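Asker: One structure, as structure tokens, below. Some questions next.
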Amino acid sequence: MTNKKYSAIKKGDTILVTGATGFIGAWVVSKLLNDYKVKLVIRDESKYPKLKEIFGAVDYAVCNIDDLDSLKEAVNGCQGVIHLASPFTFKVNNYEEELMKPAVEGTTTILKACLHSEVKRIVITSSFAAIYDAAKGLQPHKVYTEKEFSPLTYEDGVNAKDPGMAYRASKSVAEKAAWDFIKQQDANFDISVICPSMVFGPLYSTTLLKSLADINSSNAVIWSLVNASEIPPTKAPLYVDVRDVADAHVNALVSENASNSRYLVSAGDYDTQEIADILRLAKFKNIPAGTPGQRISGTHFKGDSSKAVKDLGIQFRPLDQSVIELCHQLLAYQP
Ligand code: NDP
């Protein structure tokens with residue numbers, strides 16, 4: 001990648017965070033608050049009182065992620081940015097308006113807003129969806145790394161055959177737009193891109209959760225096993241714990257090697273039968289038995305996250321920790 005620079009972000013600096021109301025964003029903010037000042041970008045001011053309840057009186061700006069002027073104002077006085085906000089939902093009707101545009105324009109607008117600012121590094125949340133090529137199927141012996149890019153285009157996203165493909169395209173095109181931007185602009189900042197696989201684990205706080213039906217898309221995979229009549233199929237077979245993903249974001253702000261680098265962040269592979277086995281062993285009730293012990297491991301691709309381990313110092317939590325803590329939390333949840 002071009003534009004190699006080293007981050008000068010230091011403890012006490014102010015980090016602008018988009019997507020703090022989300023599953024991963026809340027954990028990122030909680031970790032940032034140990035060492036940095038934080039400013040949140042939210043699009044809906046009515047969510048602020050709950051954020052204040054969770055994080056204290058943290059600074060914030062209300063703006064849409066494609067509103068350049070408001071974002072320029074929000075970025076003022078910040079030395080780093082973590083850009084997580086992007087729709088991760090399959091409940092969409094118009095792929096272009098609801099997935100492609102917010103992902104791509106959100107990413108390019110935040111980059112533009114940081115030009116000529118004090119910002120030194122922008123950490124961008126991409127996805128394993130921007131790495132792998134779903135059209136190639138299971139590829140049993142394949143090991144993906146961050147060197148690969150999904151071939152999906154903007155048009156593929158707009159005309160996708162299902163919302164999953166449109167989501168994958170939204171992440172892929174948004175990330176490519178960020179790399180193009182860095183190549184084309186003589187920017188005052190570098191970027192670091194985090195590509196997590198399916199992210200599981202407890203919510204930082206259930207305060208923002210409206211109902212169990214509103215659980216975020218990745219944790220919905222785990223929650224769908226509770227009271228299920230059968231084991232649902234495994235759709236995206238690599239996982240990582242949300243706290244490890246948050247560490248990757250925060251460490252990417254300051255890691256020298258993370259300058260204009262991209263990271264696949266995944267702890268390993270899983271299947272829904274394995275999650276059911278974990279939950280039944282931990283004595284959760286109403287979990288389908290399926291075929292205990294049967295694994296799809298070895299029947300599909302894997303991921304290699306050794307670069308994230310080396311550069312970002314991540315130590316991955318095991319699957320049972322993410323799954324059990326989440327289910328205890330959700331079963332205790334009262335809306
Ligand atoms: P959530 O759905 O929990 O959070 C999404 C966040 O993005 C929320 O803060 C939401 O704000 C914001 N957002 C969504 N759409 C828009 C929009 N149009 N304009 C402004 N803000 C918007 O998802 P996650 O926390 O799981 O995902 C966060 C990021 O991580 C996303 O970029 C996602 O693609 C990526 N990711 C997630 C993975 C996972 O398994 N969870 C795996 C790989 C990548 P609001 O509260 O206002 O809706």
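To be explicit about the labels: the chains of the structure tokens are called A, B, and onward in the order shown, and within each one the residues are counted from 1, while ligands get numbers from 1 in the order they are shown.
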If DSSP is run on the backbone, what residues of range 33-216 of chain A are helix (DSSP H, G or I)? A reply as a PyMOL selection string would be ideal.

Answerer: chain A and resi 45-55+68-75+95-114+128-130+134-136+154-158+163-184+212-214

Asker: Considering only C-alpha atoms, return as a PyMOL selection string whatever protein or nucleic-acid residues lie within 9 Å of range 314-322 of chain A, sequence-local ones (same chain, fewer than 5 positions apart) excluded.

Answerer: chain A and resi 200-202+239-245+247-248+251+265-268+270+275+278-279+308-309+327

Asker: Could you give me, as a tab-separated table, every chain A residue with an atom at most 8 Å from ligand 1, plus its closest atom pair and distance in Å to one decimal, counting only C-alpha atoms and all ligand atoms, rows ordered by chain then number?

Answerer:
residue	atom	partner	partner_atom_place_in_ligand_line	distance
A:Thr18	CA	ligand 1	9 (O)	6.7
A:Gly19	CA	ligand 1	9 (O)	3.2
A:Ala20	CA	ligand 1	9 (O)	4.9
A:Thr21	CA	ligand 1	9 (O)	3.9
A:Gly22	CA	ligand 1	4 (O)	3.3
A:Phe23	CA	ligand 1	25 (O)	3.7
A:Ile24	CA	ligand 1	25 (O)	3.9
A:Gly25	CA	ligand 1	25 (O)	5.5
A:Ala26	CA	ligand 1	25 (O)	7.8
A:Ile42	CA	ligand 1	47 (O)	6.2
A:Arg43	CA	ligand 1	47 (O)	5.4
A:Asp44	CA	ligand 1	47 (O)	5.8
A:Lys47	CA	ligand 1	46 (O)	7.6
A:Asn64	CA	ligand 1	20 (C)	5.8
A:Ile65	CA	ligand 1	20 (C)	5.3
A:Asp66	CA	ligand 1	19 (N)	7.8
A:His83	CA	ligand 1	32 (O)	7.6
A:Leu84	CA	ligand 1	32 (O)	4.5
A:Ala85	CA	ligand 1	7 (O)	3.4
A:Ser86	CA	ligand 1	14 (C)	4.2
A:Pro87	CA	ligand 1	15 (N)	3.6
A:Phe88	CA	ligand 1	34 (O)	5.0
A:Thr89	CA	ligand 1	2 (O)	6.6
A:Glu98	CA	ligand 1	18 (N)	6.8
A:Leu99	CA	ligand 1	18 (N)	7.5
A:Pro102	CA	ligand 1	18 (N)	4.8
A:Ala103	CA	ligand 1	18 (N)	7.3
A:Gly106	CA	ligand 1	19 (N)	7.2
A:Thr125	CA	ligand 1	32 (O)	5.2
A:Ser126	CA	ligand 1	44 (C)	5.5
A:Ser127	CA	ligand 1	43 (C)	4.0
A:Phe128	CA	ligand 1	43 (C)	6.1
A:Ala129	CA	ligand 1	43 (C)	7.1
A:Tyr167	CA	ligand 1	34 (O)	7.9
A:Lys171	CA	ligand 1	34 (O)	6.4
A:Cys195	CA	ligand 1	43 (C)	6.1
A:Pro196	CA	ligand 1	43 (C)	4.5
A:Ser197	CA	ligand 1	42 (C)	5.1
A:Met198	CA	ligand 1	40 (O)	3.7
A:Val199	CA	ligand 1	40 (O)	3.7
A:Phe200	CA	ligand 1	40 (O)	6.7
A:Ile215	CA	ligand 1	3 (O)	7.8
A:Asn216	CA	ligand 1	3 (O)	4.8
A:Ser217	CA	ligand 1	41 (N)	6.4
A:Ser218	CA	ligand 1	40 (O)	4.5
A:Asn219	CA	ligand 1	41 (N)	7.3
A:Tyr239	CA	ligand 1	40 (O)	7.8
A:Val242	CA	ligand 1	41 (N)	7.9

Asker: For Phe181 in chain A, work out the shell of residues within 12 Å, counting only C-alpha atoms and skipping chain neighbours fewer than 4 positions away, then give it as a count of residues only.

Answerer: 23

Asker: Which residue gives the smallest distance to Asn34 in chain A among A:Phe55, A:Phe149, A:Tyr263, A:Trp223, with only C-alpha atoms counted?

Answerer: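 Ranking A:Phe55, A:Phe149, A:Tyr263, A:Trp223 by distance to Asn34 in chain A, first place goes to A:Phe55.
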
Asker: Pick out the closest residue to Leu40 in chain A from this set: A:Ala282, A:Ile82, A:Leu68, A:Met165. Count only C-alpha atoms.

Answerer: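 Using only C-alpha atoms, Leu40 in chain A sits closest to A:Ile82.
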
Asker: To one decimal in Å, tell me the separation between CA of Val221 in chain A and CA of Ala169 in chain A.

Answerer: 20.6 Å

Asker: Quick one: pull the distance between CA of Tyr95 in chain A and CA of Glu148 in chain A, Å, one decimal.

Answerer: 24.2 Å

Asker: Going by DSSP on the backbone, which bits of range 38-278 of chain A are strand (DSSP E or B)? Write them as a ChimeraX atom specification, please.

Answerer: /A:38-42,59-62,80-83,121-125,143-144,190-196,198-200,238-241,261-265,268-269

Asker: Of the candidates A:Leu330, A:Ile131, A:Cys78, A:Ile287, which shows the shortest atom-to-atom distance to Asp214 in chain A, using only C-alpha atoms?

Answerer: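 Closest candidate: A:Leu330.
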
Asker: CA of Asp13 in chain A to CA of Tyr36 in chain A: how many Å, to one decimal?

Answerer: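 These atoms are spaced 5.4 Å apart.
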
Asker: Looking at A:Leu71, A:Lys52, A:Ala130, A:Glu274, which one is nearest to Thr234 in chain A, with distances taken over only C-alpha atoms?

Answerer: A:Glu274

Asker: Nearest to Pro335 in chain A among A:Val41, A:Leu212, A:Ile15, A:Ile54, with distances taken over only C-alpha atoms: which residue is it?

Answerer: A:Leu212
